[in-house]
file model_13.txt (compact mmCIF, C-alpha atoms)
# COMPACT_ATOMS: atom_id res chain seq x y z
CA MET X 16 0.05 15.90 -17.90
CA ALA X 17 -0.95 16.92 -14.40
CA GLU X 18 -0.56 14.24 -11.75
CA ARG X 19 -2.83 13.83 -8.76
CA GLU X 20 -1.27 10.91 -6.90
CA SER X 21 -1.33 12.64 -3.50
CA ARG X 22 -5.11 12.47 -3.24
CA ARG X 23 -5.28 8.86 -4.40
CA ARG X 24 -3.17 7.20 -1.75
CA ALA X 25 -4.01 3.51 -1.76
CA THR X 26 -6.15 2.18 1.07
CA ARG X 27 -5.25 -1.42 1.65
CA PRO X 28 -7.70 -3.78 3.36
CA LEU X 29 -6.74 -4.38 6.99
CA SER X 30 -5.85 -8.04 7.29
CA ARG X 31 -6.95 -10.10 10.27
CA THR X 32 -3.34 -10.73 11.27
CA THR X 33 -2.54 -7.01 11.20
CA ALA X 34 -5.66 -6.19 13.21
CA ILE X 35 -4.77 -8.78 15.87
CA TRP X 36 -1.16 -7.57 16.02
CA ASN X 37 -2.17 -3.91 16.32
CA SER X 38 -4.78 -4.73 18.96
CA GLY X 39 -2.15 -6.55 20.99
CA ILE X 40 0.13 -3.52 20.83
CA VAL X 41 -2.72 -1.29 22.01
CA VAL X 42 -3.47 -3.57 24.97
CA VAL X 43 0.19 -3.63 26.02
CA PHE X 44 0.57 0.15 25.73
CA LEU X 45 -2.62 0.81 27.71
CA ALA X 46 -1.68 -1.70 30.39
CA LEU X 47 1.71 -0.04 30.86
CA ALA X 48 0.10 3.41 30.81
CA LEU X 49 -2.43 2.42 33.48
CA ALA X 50 0.29 0.85 35.60
CA SER X 51 2.27 4.08 35.41
CA ALA X 52 -0.76 6.25 36.25
CA MET X 53 -1.97 4.10 39.15
CA ARG X 54 1.30 4.57 40.98
CA GLY X 55 0.45 8.20 41.69
CA THR X 56 -1.11 9.65 44.82
CA GLU X 57 -4.18 10.80 42.87
CA PRO X 58 -4.93 7.79 40.65
CA ALA X 59 -8.30 9.04 39.37
CA ASP X 60 -6.89 12.34 38.15
CA LEU X 61 -3.80 10.67 36.78
CA VAL X 62 -5.80 8.09 34.84
CA LEU X 63 -7.93 10.80 33.24
CA SER X 64 -5.09 13.19 32.41
CA SER X 65 -2.40 10.65 31.57
CA VAL X 66 -4.33 7.78 29.95
CA VAL X 67 -7.87 8.61 28.86
CA PHE X 68 -7.31 12.11 27.47
CA PRO X 69 -4.19 11.41 25.36
CA PHE X 70 -5.72 8.12 24.13
CA VAL X 71 -8.82 9.93 22.84
CA VAL X 72 -6.74 12.69 21.24
CA GLY X 73 -4.49 10.16 19.51
CA ALA X 74 -7.44 8.16 18.20
CA VAL X 75 -9.32 11.20 16.89
CA LEU X 76 -6.30 12.58 15.03
CA ALA X 77 -5.41 9.19 13.51
CA VAL X 78 -8.91 8.51 12.14
CA SER X 79 -8.43 11.18 9.46
CA GLY X 80 -5.53 9.21 7.99
CA ARG X 81 -3.44 12.32 7.35
CA SER X 82 0.21 11.42 7.75
CA TRP X 83 1.33 14.90 8.84
CA LEU X 84 -0.82 14.60 11.96
CA LEU X 85 1.49 11.83 13.15
CA GLY X 86 4.21 14.46 13.49
CA VAL X 87 1.87 16.71 15.47
CA LEU X 88 0.91 13.84 17.73
CA MET X 89 4.48 12.73 18.35
CA LEU X 90 5.36 16.32 19.22
CA ALA X 91 2.56 16.30 21.79
CA ALA X 92 3.56 12.86 23.07
CA VAL X 93 7.11 14.01 23.77
CA GLY X 94 6.49 17.70 24.39
CA VAL X 95 3.92 17.43 27.21
CA PRO X 96 6.14 15.22 29.41
CA LEU X 97 9.05 17.59 28.77
CA LEU X 98 6.91 20.54 29.83
CA ASP X 99 6.03 18.62 32.98
CA VAL X 100 9.71 18.02 33.71
CA ALA X 101 10.31 21.75 33.30
CA GLY X 102 7.47 22.51 35.71
CA LEU X 103 5.46 24.43 33.13
CA ILE X 104 2.22 22.47 33.50
CA GLU X 105 0.16 22.06 36.63
CA PHE X 106 -2.22 19.15 36.01
CA PRO X 107 -1.30 15.67 37.37
CA LEU X 108 0.69 13.69 34.83
CA ALA X 109 2.26 10.24 34.62
CA ARG X 110 4.79 10.93 31.89
CA ALA X 111 5.22 7.34 30.67
CA GLY X 112 1.46 6.85 30.79
CA TRP X 113 0.84 9.93 28.64
CA PHE X 114 3.36 8.87 25.99
CA LEU X 115 2.11 5.27 25.76
CA SER X 116 -1.55 6.33 25.69
CA VAL X 117 -0.91 8.67 22.77
CA LEU X 118 0.63 5.78 20.81
CA ALA X 119 -2.21 3.43 21.75
CA GLY X 120 -4.78 5.97 20.58
CA TRP X 121 -2.95 6.42 17.29
CA PHE X 122 -3.01 2.66 16.59
CA VAL X 123 -6.74 2.45 17.32
CA GLY X 124 -7.57 5.54 15.26
CA ALA X 125 -5.50 4.33 12.32
CA MET X 126 -7.35 0.99 12.28
CA VAL X 127 -10.74 2.70 12.50
CA GLY X 128 -9.82 5.13 9.72
CA GLN X 129 -8.68 2.31 7.46
CA GLN X 130 -11.90 0.38 7.98
CA ARG X 131 -13.97 3.52 7.31
CA GLY X 132 -12.11 4.04 4.06
CA GLN X 133 -12.95 0.53 2.95
CA ARG X 134 -16.63 0.82 3.92
CA GLY X 135 -16.90 4.10 2.01
CA THR X 136 -15.87 2.42 -1.23
CA PRO X 137 -18.72 1.06 -3.39
CA PRO X 138 -18.75 -2.79 -3.40
CA GLU X 139 -18.31 -2.94 -7.16
CA ALA X 140 -15.28 -0.63 -6.99
CA LYS X 141 -13.58 -2.92 -4.47
CA GLN X 142 -13.40 -5.49 -7.25
CA HIS X 143 -11.99 -3.04 -9.80
CA TYR X 144 -9.08 -0.73 -9.15
CA MET X 145 -5.65 0.29 -10.37
CA ASP X 146 -2.57 0.67 -8.18
CA TRP X 147 0.65 2.39 -9.19
CA ASP X 148 3.92 3.07 -7.43
CA VAL X 149 5.70 6.42 -7.41
CA ARG X 150 8.99 6.83 -5.57
CA GLY X 151 8.22 3.89 -3.29
CA LYS X 152 4.68 5.00 -2.43
CA SER X 153 1.54 3.25 -3.64
CA PHE X 154 -1.57 5.01 -4.95
CA ARG X 155 -4.97 3.74 -6.04
CA GLU X 156 -7.70 4.69 -8.52
CA TRP X 157 -11.06 3.01 -8.02
CA SER X 158 -12.83 1.89 -11.23
CA PRO X 159 -10.19 3.36 -13.58
CA THR X 160 -10.92 4.19 -17.19
CA VAL X 161 -9.06 2.78 -20.19
CA ALA X 162 -7.41 6.17 -20.72
CA GLN X 163 -6.15 6.20 -17.12
CA VAL X 164 -4.71 2.70 -17.43
CA GLU X 165 -2.94 3.57 -20.68
CA ALA X 166 -1.57 6.81 -19.22
CA LYS X 167 -0.12 5.07 -16.17
CA VAL X 168 1.52 2.35 -18.27
CA ARG X 169 3.06 4.92 -20.61
CA ALA X 170 4.34 6.91 -17.60
CA LEU X 171 6.42 4.00 -16.28
CA ASP X 172 10.11 4.85 -16.27
CA GLY X 173 11.73 2.21 -14.06
CA GLN X 174 13.14 4.79 -11.66
CA GLU X 175 10.34 6.77 -10.00
CA ARG X 176 7.32 5.08 -11.62
CA THR X 177 7.97 1.37 -11.49
CA LEU X 178 4.74 -0.66 -11.39
CA VAL X 179 1.10 -0.50 -12.52
CA SER X 180 -1.40 -3.15 -11.36
CA VAL X 181 -5.00 -3.49 -12.50
CA VAL X 182 -7.42 -5.73 -10.57
CA LYS X 183 -10.83 -6.76 -11.91
CA GLY X 184 -12.55 -9.29 -9.69
CA HIS X 185 -10.14 -12.20 -9.36
CA GLY X 186 -8.21 -11.14 -12.46
CA ARG X 187 -4.99 -9.16 -12.21
CA LEU X 188 -2.50 -7.47 -14.52
CA ASP X 189 0.95 -6.22 -13.48
CA VAL X 190 3.10 -4.07 -15.77
CA CYS X 191 6.69 -3.29 -14.78
CA HIS X 192 9.14 -1.05 -16.62
CA GLY X 193 12.01 -3.12 -17.92
CA ALA X 194 15.33 -2.26 -19.49
CA ALA X 195 15.91 0.16 -22.38
CA GLY X 196 12.24 0.89 -22.96
CA GLN X 197 11.20 -2.73 -22.58
CA PHE X 198 8.54 -3.99 -20.17
CA VAL X 199 7.73 -7.05 -18.09
CA LEU X 200 4.04 -7.98 -17.93
CA PHE X 201 2.16 -10.55 -15.85
CA GLN X 202 -1.52 -11.44 -16.22
CA ALA X 203 -3.79 -13.83 -14.30
CA GLY X 204 -7.34 -14.79 -15.14
CA ASN X 205 -7.84 -15.88 -11.53
CA VAL X 206 -5.20 -15.07 -8.90
CA ARG X 207 -6.50 -17.97 -6.79
CA ASP X 208 -5.23 -20.35 -9.45
CA ASP X 209 -1.44 -20.28 -9.78
CA ALA X 210 -1.68 -21.99 -13.17
CA SER X 211 -3.63 -19.03 -14.62
CA TRP X 212 -0.62 -16.69 -14.54
CA ARG X 213 0.94 -15.94 -17.92
CA MET X 214 3.38 -13.64 -19.70
CA PRO X 215 3.20 -12.46 -23.33
CA ALA X 216 6.71 -13.79 -24.05
CA LYS X 217 8.78 -16.87 -23.39
CA PRO X 218 12.21 -17.23 -21.79
CA THR X 219 15.02 -17.91 -24.24
CA HIS X 220 17.40 -19.35 -21.61
CA VAL X 221 20.17 -17.63 -23.54
CA GLU X 222 20.79 -14.30 -21.82
CA GLU X 223 19.65 -12.48 -18.68
CA VAL X 224 19.57 -8.72 -18.31
CA GLU X 225 19.31 -6.64 -15.16
CA VAL X 226 16.02 -4.82 -14.84
CA ARG X 227 15.89 -1.91 -12.40
CA LEU X 228 12.71 -1.06 -10.54
CA GLY X 229 13.59 1.93 -8.42
CA ASN X 230 16.17 0.69 -5.94
CA VAL X 231 15.55 -2.98 -6.79
CA VAL X 232 17.53 -4.76 -9.48
CA ALA X 233 16.26 -8.11 -10.73
CA PRO X 234 17.78 -10.41 -13.38
CA VAL X 235 15.29 -11.41 -16.07
CA ASP X 236 15.50 -13.51 -19.21
CA ARG X 237 15.74 -11.17 -22.20
CA GLY X 238 13.02 -13.13 -23.98
CA LEU X 239 10.45 -12.04 -21.36
CA LEU X 240 10.69 -8.35 -22.26
CA ILE X 241 8.08 -6.72 -24.52
CA ASP X 242 7.85 -3.23 -26.01
CA LEU X 243 5.71 -0.33 -24.80
CA GLU X 244 2.98 -0.58 -27.45
CA GLU X 245 2.45 -4.26 -26.77
CA ALA X 246 2.25 -3.59 -23.03
CA VAL X 247 -0.30 -0.81 -23.61
CA ALA X 248 -2.39 -3.00 -25.94
CA ILE X 249 -2.56 -5.87 -23.45
CA ALA X 250 -3.29 -3.56 -20.51
CA THR X 251 -6.12 -1.74 -22.28
CA ALA X 252 -7.63 -5.00 -23.51
CA PHE X 253 -7.58 -6.31 -19.95
CA GLU X 254 -9.31 -3.16 -18.69
CA LEU X 255 -11.95 -3.45 -21.41
CA GLY X 256 -12.62 -7.03 -20.41
CA GLN X 257 -11.54 -8.28 -23.81
CA SER X 258 -9.98 -11.69 -24.13
CA VAL X 259 -6.34 -11.54 -25.13
CA ARG X 260 -5.80 -14.97 -26.59
CA PRO X 261 -2.32 -16.28 -25.85
CA GLU X 262 -0.28 -16.52 -29.00
CA PRO X 263 2.27 -19.34 -29.37
CA ASP X 264 4.92 -17.16 -27.73
CA TRP X 265 2.94 -16.63 -24.49
CA TRP X 266 4.33 -18.37 -21.42
CA GLU X 267 1.71 -19.83 -19.09
CA GLY X 268 1.56 -21.83 -15.86
CA THR X 269 2.99 -21.92 -12.38
CA GLU X 270 6.55 -21.35 -13.62
CA VAL X 271 5.61 -17.72 -14.28
CA LEU X 272 5.45 -17.26 -10.51
CA THR X 273 9.18 -18.01 -10.27
CA VAL X 274 9.75 -14.69 -12.07
CA ARG X 275 6.97 -12.49 -10.70
CA PRO X 276 8.15 -12.13 -7.03
CA SER X 277 11.19 -10.20 -8.23
CA PHE X 278 8.99 -7.47 -9.65
CA VAL X 279 5.88 -7.04 -7.46

call {"tool": "encode", "arguments": {"input": "model_13.txt", "output": "structure tokens"}}
result
Amino acid sequence: MAERESRRRATRPLSRTTAIWNSGIVVVFLALALASAMRGTEPADLVLSSVVFPFVVGAVLAVSGRSWLLGVLMLAAVGVPLLDVAGLIEFPLARAGWFLSVLAGWFVGAMVGQQRGQRGTPPEAKQHYMDWDVRGKSFREWSPTVAQVEAKVRALDGQERTLVSVVKGHGRLDVCHGAAGQFVLFQAGNVRDDASWRMPAKPTHVEEVEVRLGNVVAPVDRGLLIDLEEAVAIATAFELGQSVRPEPDWWEGTEVLTVRPSFV
């Protein structure tokens, strides 16, 4: 089955803390860049060529969100000052100012691009999406179908494909590949309520097995593992909005959260 993860890279909402932190970095970089440029004999030219121009270039390239452009930008950030040292460029340049301005522009452009990606997503889709991890990278499908959810769960292998998460409003489902074809599954009717988390199995308190998720190994009670078909059935029912009534062997409540951090 053909995979198309590369075009579905997950766009995470920019948190307020991250925005404040990134903005602070930008202010510091620009302040240092301006201080470097203003030391020259032609401050107006230096500010334009060493602060304003590289800042705009960095921001414009970062807005697209294409990771390979970061390599291009870093080459420019380092290469232009080196060319100046070699005497191969003639315009006025504050080398430290140029480098810091490029980085400041990249931070600003990345934040703008992330916000644009969120605004371009339909409001209803923001409440319904599926994330999956492949080789340590996260990807997202907005408003996934039942077939897509089933396919991603069946593709889990514990090495390269380790986690599938489906979010519908405040509900959430996490499926992790376990040991020897077994799976670990977490479901919450409302993630704001810790007591709503549950697992379709109960701990036996008899034996723990090591479950590998890529490079992470977590011990888990053997009684919490379920088979593939049960994981698929629960995941598809969740996607369909069907109520999966907990059977007597479901484990519910805040204690589930003592297990979940090891997997997601």

call {"tool": "atom_distance", "arguments": {"input": "model_13.txt", "atom1": "atom CA of X:Ala216", "atom2": "atom CA of X:Gly184"}}
result
24.4 Å

call {"tool": "closest_residue", "arguments": {"input": "model_13.txt", "among": "X:Ala74, X:Val231, X:Leu178, X:Val168", "to": "X:Phe154", "atoms": "all atoms listed in the file"}}
result
X:Leu178

call {"tool": "atom_distance", "arguments": {"input": "model_13.txt", "atom1": "atom CA of X:Ile40", "atom2": "atom CA of X:Ile104"}}
result
29.0 Å

call {"tool": "atom_distance", "arguments": {"input": "model_13.txt", "atom1": "atom CA of X:Lys217", "atom2": "atom CA of X:Ala203"}}
result
15.8 Å

call {"tool": "residues_around", "arguments": {"input": "model_13.txt", "residues": "X:Val62", "least_positions_apart": "2", "cutoff": "9 Å", "atoms": "all atoms listed in the file", "output": "JSON, numbers by chain"}}
result
{"X": [48, 49, 52, 53, 57, 58, 59, 60, 64, 65, 66, 67, 68, 108, 109, 112]}

call {"tool": "closest_residue", "arguments": {"input": "model_13.txt", "among": "X:Ala50, X:Met145, X:Val72, X:Ala111", "to": "X:Leu188", "atoms": "only C-alpha atoms"}}
result
X:Met145

call {"tool": "closest_residue", "arguments": {"input": "model_13.txt", "among": "X:Val164, X:Leu88, X:Val100, X:Ala250", "to": "X:Phe198", "atoms": "only C-alpha atoms"}}
result
X:Ala250

call {"tool": "residues_around", "arguments": {"input": "model_13.txt", "residues": "X:Glu222", "least_positions_apart": "5", "cutoff": "10 Å", "atoms": "all atoms listed in the file", "output": "list in words"}}
result
Pro234, Val235, Asp236, Arg237 and Gly238 of chain X

call {"tool": "closest_residue", "arguments": {"input": "model_13.txt", "among": "X:Asp189, X:Asp146, X:Asp172, X:Asp264", "to": "X:Pro276", "atoms": "all atoms listed in the file"}}
result
X:Asp189

call {"tool": "closest_atom_pairs", "arguments": {"input": "model_13.txt", "of": "stretch 125-187 of chain X", "to": "stretch 240-245 of chain X", "cutoff": "12 Å", "atoms": "all atoms listed in the file", "output": "JSON lines"}}
result
{"residue": "X:Glu165", "atom": "CA", "partner": "X:Glu244", "partner_atom": "CA", "distance": 9.9}
{"residue": "X:Ala166", "atom": "CA", "partner": "X:Leu243", "partner_atom": "CA", "distance": 11.6}
{"residue": "X:Lys167", "atom": "CA", "partner": "X:Leu243", "partner_atom": "CA", "distance": 11.7}
{"residue": "X:Val168", "atom": "CA", "partner": "X:Leu243", "partner_atom": "CA", "distance": 8.2}
{"residue": "X:Arg169", "atom": "CA", "partner": "X:Leu243", "partner_atom": "CA", "distance": 7.2}
{"residue": "X:Ala170", "atom": "CA", "partner": "X:Leu243", "partner_atom": "CA", "distance": 10.3}
{"residue": "X:Leu171", "atom": "CA", "partner": "X:Leu243", "partner_atom": "CA", "distance": 9.6}
{"residue": "X:Asp172", "atom": "CA", "partner": "X:Leu243", "partner_atom": "CA", "distance": 10.9}

call {"tool": "closest_residue", "arguments": {"input": "model_13.txt", "among": "X:Val127, X:Val181, X:Val95, X:Ala77", "to": "X:Ala252", "atoms": "only C-alpha atoms"}}
result
X:Val181

call {"tool": "residues_near_point", "arguments": {"input": "model_13.txt", "point": "(-5.1, 9.7, 20.7)", "cutoff": "8 Å", "atoms": "only C-alpha atoms", "output": "list in words"}}
result
Phe68, Pro69, Phe70, Val71, Val72, Gly73, Ala74, Val75, Leu76, Ala77, Leu88, Ser116, Val117, Leu118, Ala119, Gly120, Trp121 and Gly124 of chain X

call {"tool": "closest_residue", "arguments": {"input": "model_13.txt", "among": "X:Asn205, X:Gly229, X:Cys191, X:Gly196", "to": "X:Glu175", "atoms": "only C-alpha atoms"}}
result
X:Gly229

call {"tool": "residues_around", "arguments": {"input": "model_13.txt", "residues": "X:Glu262", "least_positions_apart": "2", "cutoff": "12 Å", "atoms": "all atoms listed in the file", "output": "PDB file with C-alpha atoms, in the frame of the given file"}}
result
ATOM      1  CA  ARG X 213       0.940 -15.940 -17.920  1.00  0.00           C
ATOM      2  CA  MET X 214       3.380 -13.640 -19.700  1.00  0.00           C
ATOM      3  CA  PRO X 215       3.200 -12.460 -23.330  1.00  0.00           C
ATOM      4  CA  ALA X 216       6.710 -13.790 -24.050  1.00  0.00           C
ATOM      5  CA  LYS X 217       8.780 -16.870 -23.390  1.00  0.00           C
ATOM      6  CA  SER X 258      -9.980 -11.690 -24.130  1.00  0.00           C
ATOM      7  CA  VAL X 259      -6.340 -11.540 -25.130  1.00  0.00           C
ATOM      8  CA  ARG X 260      -5.800 -14.970 -26.590  1.00  0.00           C
ATOM      9  CA  ASP X 264       4.920 -17.160 -27.730  1.00  0.00           C
ATOM     10  CA  TRP X 265       2.940 -16.630 -24.490  1.00  0.00           C
ATOM     11  CA  TRP X 266       4.330 -18.370 -21.420  1.00  0.00           C
ATOM     12  CA  GLU X 267       1.710 -19.830 -19.090  1.00  0.00           C
TER      13      GLU X 267
END
